[in-house]
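I have placed the structure first, in the form of structure tokens, so that the comments after it can refer back to it.
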Amino acid sequence: MRRTMVTTLALLGTLALSPGANAQQAPTPPPNSPMGPAARPTATSGRPLTLQEAEAIAIKNNPQITVGRLQALEAREFVREARSAMLPQANLSVTAVDSDPGTRISAGYLTNPTVYPRAAAGASVSQLITDFGRTQNLVSGSVFAAKAQDENAIATQQQIVLAVDEAFYNTLETKALLQVAEETVKARQDLVDQIQALTDAKLRSDIDLSFSKVDLARAKLLLLESQNNYEASLSTLSAILAFPDRQDFAAVEPPTQVETPAADPAPLIQEALNQRPEVRAMQNDVTAASKFGKAEHDLWWPTVSANGVVGSAPVRDDHISNWYGAVGVNINIPVFNGFLFNARAKSADLETELRRKKLQDLQDNVARDVRNSWLDTQKAYERLSVTKQLREQAALALELAGARYKLGLSSIVEFSQAELQETDAELQDTDAHYQYVVTQIVLAYQMGKSR
């Protein structure tokens, strides 16, 4: 019991000096918080939620992922749209005309055709024979654009998964802090009751009692703040999982392994440049722009197409046959259009170069992000051993200070200081563990690895 009270005292001092400290593990709190109504959230309440379940829910329900998939499906329809120019075009026509016999169109055209009364129906078919690669380049460009959208959808999914992982571990941290705060309030209350009894028996001074009551008040304030932080973390996690309201989840601690980080970031950077969906999407965008540029240059080539019509005129003037049909080949050769094709080709070339520069900038940024993430992982890994040593030394110092206080050789101030250092060491050791896990997740994301 004395060890529990000592640990509680140091925890309060640490949190009072460092409000942002994060605790991860603590004993299970009592069912009813001494702070007040049982309706307040506790660290053990809620439906259990594992990290894998959270990721699966986000992938299924998050609207950003759905938007990415819809954009990819839309891009695939553009491929069909571009390919349609290579397929036959067929139309059915029905025409009915009533006019005075021998009526001619007198103005509006160079030709001067005769308009006969008739009712006819027929079909027309046209087929592109060749445009010397322009349509094929348009189709190829749309294919690469669709691939780029597929990669963008993957990138969006990975971003959402990363956000879920960070929110999940943040929930674990606030959950552990809430557990610590609940247990701290209980232990502080027990300590106040014990010191009150000792003070009444003239075995402890009023200073000891005052210190314990101050720490109890701090514990109650800490519990209020911890409850609010836990609610906020659940709200963030629920929003990422596409729930309109805060869900009462109980995040389950996932099993983790501490792996030695890579010694050289160069292979990681190369893997990221090959695997990151954003890089692959931009590469496909560059290829799509290049194909479109070739198609724009091909506008100057002739277009060769075949056309055919056939039909019947059951109601007609005597000058018209009861059926008609014709086939032909049309060759369209561009000569001059006010430099329109030149401008379109130049614009496409500039767009291709622009996307190449964007790709280069993205690759540079990816290399930088991977290197920085690797450095963070190295630092977090080295911190693990340092905080472990700190925790061992702080535990030894606490044991000695506790013995002195028990024998009456020191005051509660020295005892509290030793507990403060020991708890701070425990918090730093726990924080080092979670920070290393998070840096591993971020580094995997920067390398384009999907979970």
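Chain identifiers are assigned as A, B, and so on, following the order in which chains appear in the structure tokens; residues are numbered from 1 within each chain, and ligands are numbered from 1 in order of appearance.
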
> Can you tell me, as an MDAnalysis selection string, what residues are no more than 10 Å from Asp298 (chain A) when counting only C-alpha atoms, ignoring any on the same chain fewer than 3 positions away?
Replying inline: chainID A and resid 131:135 137 292:295 301:303 341 345

> Can you list every residue in region 235-308 of chain A that DSSP puts in strand (DSSP E), as a ChimeraX atom specification?
Replying inline: /A:249-251,303-308

>> I need the residues in region 122-338 of chain A that are alpha helix (DSSP H) according to DSSP; give them as a ChimeraX atom specification.
In response: /A:134-200,206-240,266-275,277-297

>> Using only C-alpha atoms, can you tell me which of A:Val143, A:Val442, A:Ala121, A:Ile57 comes closest to Arg316 (chain A)?
In response: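 Of A:Val143, A:Val442, A:Ala121, A:Ile57, the one nearest Arg316 (chain A), counting only C-alpha atoms, is A:Ala121.
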
> So, counting only C-alpha atoms, which residue among A:Lys346, A:Pro255, A:Tyr116, A:Asn330 is closest to His297 (chain A)?
Replying inline: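 The shortest atom-to-atom distance to His297 (chain A) comes from A:Lys346.
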
>> Calculated over only C-alpha atoms, which of the candidates A:Ala72, A:Val164, A:Lys379, A:Gln363 has the smallest distance to Ala239 (chain A)?
In response: A:Val164

> CA of Ser411 (chain A) to CA of Thr199 (chain A): how many Å, to one decimal?
Replying inline: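 Taking CA of Ser411 (chain A) and CA of Thr199 (chain A), their separation equals 14.2 Å.
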
> Separation of CA of Ser238 (chain A) and CA of Asp429 (chain A), in Å?
Replying inline: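 Interatomic distance, CA of Ser238 (chain A) to CA of Asp429 (chain A): 28.6 Å.
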
> Looking at A:Asp190, A:Val309, A:Leu350, A:Ile154, which one is nearest to Gln89 (chain A), with distances taken over only C-alpha atoms?
Replying inline: A:Val309

Give me the residues within 10 Å of region 227-231 of chain A as an mmCIF file with N, CA and C atoms, in the first residue's frame, counting only C-alpha atoms and dropping any in the same chain fewer than 6 places off.
```cif
data_model
loop_
_atom_site.group_PDB
_atom_site.id
_atom_site.type_symbol
_atom_site.label_atom_id
_atom_site.label_comp_id
_atom_site.auth_asym_id
_atom_site.auth_seq_id
_atom_site.Cartn_x
_atom_site.Cartn_y
_atom_site.Cartn_z
ATOM 1 N N ARG A 40 -19.815 9.605 -16.009
ATOM 2 C CA ARG A 40 -18.581 10.056 -16.629
ATOM 3 C C ARG A 40 -17.850 8.867 -17.219
ATOM 4 N N PRO A 41 -17.160 9.023 -18.369
ATOM 5 C CA PRO A 41 -16.500 7.887 -18.997
ATOM 6 C C PRO A 41 -15.355 7.363 -18.150
ATOM 7 N N THR A 42 -15.149 6.080 -18.211
ATOM 8 C CA THR A 42 -14.020 5.450 -17.542
ATOM 9 C C THR A 42 -13.179 4.738 -18.574
ATOM 10 N N ALA A 43 -11.943 4.425 -18.199
ATOM 11 C CA ALA A 43 -11.002 3.836 -19.150
ATOM 12 C C ALA A 43 -11.361 2.418 -19.524
ATOM 13 N N ASN A 170 -3.428 7.405 -29.922
ATOM 14 C CA ASN A 170 -3.739 8.538 -29.065
ATOM 15 C C ASN A 170 -4.841 8.176 -28.073
ATOM 16 N N THR A 171 -5.804 7.384 -28.518
ATOM 17 C CA THR A 171 -6.844 6.911 -27.611
ATOM 18 C C THR A 171 -6.267 6.011 -26.533
ATOM 19 N N LEU A 172 -5.308 5.162 -26.913
ATOM 20 C CA LEU A 172 -4.648 4.316 -25.918
ATOM 21 C C LEU A 172 -3.925 5.164 -24.873
ATOM 22 N N GLU A 173 -3.265 6.221 -25.318
ATOM 23 C CA GLU A 173 -2.538 7.080 -24.385
ATOM 24 C C GLU A 173 -3.497 7.770 -23.407
ATOM 25 N N THR A 174 -4.553 8.370 -23.936
ATOM 26 C CA THR A 174 -5.504 9.050 -23.057
ATOM 27 C C THR A 174 -6.248 8.054 -22.176
ATOM 28 N N LYS A 175 -6.456 6.847 -22.697
ATOM 29 C CA LYS A 175 -7.080 5.802 -21.880
ATOM 30 C C LYS A 175 -6.184 5.443 -20.697
ATOM 31 N N ALA A 176 -4.879 5.269 -20.954
ATOM 32 C CA ALA A 176 -3.946 4.959 -19.878
ATOM 33 C C ALA A 176 -3.855 6.114 -18.885
ATOM 34 N N LEU A 177 -3.876 7.341 -19.385
ATOM 35 C CA LEU A 177 -3.821 8.502 -18.502
ATOM 36 C C LEU A 177 -5.057 8.570 -17.617
ATOM 37 N N LEU A 178 -6.222 8.237 -18.178
ATOM 38 C CA LEU A 178 -7.450 8.223 -17.384
ATOM 39 C C LEU A 178 -7.388 7.139 -16.312
ATOM 40 N N GLN A 179 -6.842 5.981 -16.652
ATOM 41 C CA GLN A 179 -6.677 4.930 -15.658
ATOM 42 C C GLN A 179 -5.778 5.389 -14.521
ATOM 43 N N ALA A 181 -5.212 8.481 -13.623
ATOM 44 C CA ALA A 181 -5.881 9.534 -12.856
ATOM 45 C C ALA A 181 -6.906 8.945 -11.888
ATOM 46 N N GLU A 182 -7.679 7.960 -12.313
ATOM 47 C CA GLU A 182 -8.667 7.342 -11.436
ATOM 48 C C GLU A 182 -7.999 6.630 -10.269
ATOM 49 N N LEU A 237 -11.363 9.604 -33.087
ATOM 50 C CA LEU A 237 -11.359 8.253 -33.652
ATOM 51 C C LEU A 237 -12.696 7.933 -34.307
ATOM 52 N N ARG A 246 -19.893 10.520 -31.281
ATOM 53 C CA ARG A 246 -18.803 9.865 -30.565
ATOM 54 C C ARG A 246 -19.242 8.470 -30.130
ATOM 55 N N GLN A 247 -18.422 7.487 -30.463
ATOM 56 C CA GLN A 247 -18.692 6.114 -30.079
ATOM 57 C C GLN A 247 -17.919 5.770 -28.809
ATOM 58 N N ASP A 248 -18.517 4.924 -27.989
ATOM 59 C CA ASP A 248 -17.893 4.548 -26.725
ATOM 60 C C ASP A 248 -17.032 3.307 -26.952
#
```

> Out of A:Val161, A:Val413, A:Ala401, A:Met447, which residue has the shortest atom-to-atom distance to Gln52 (chain A) when counting only C-alpha atoms?
Replying inline: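 The answer is A:Val161, which sits nearest to Gln52 (chain A).
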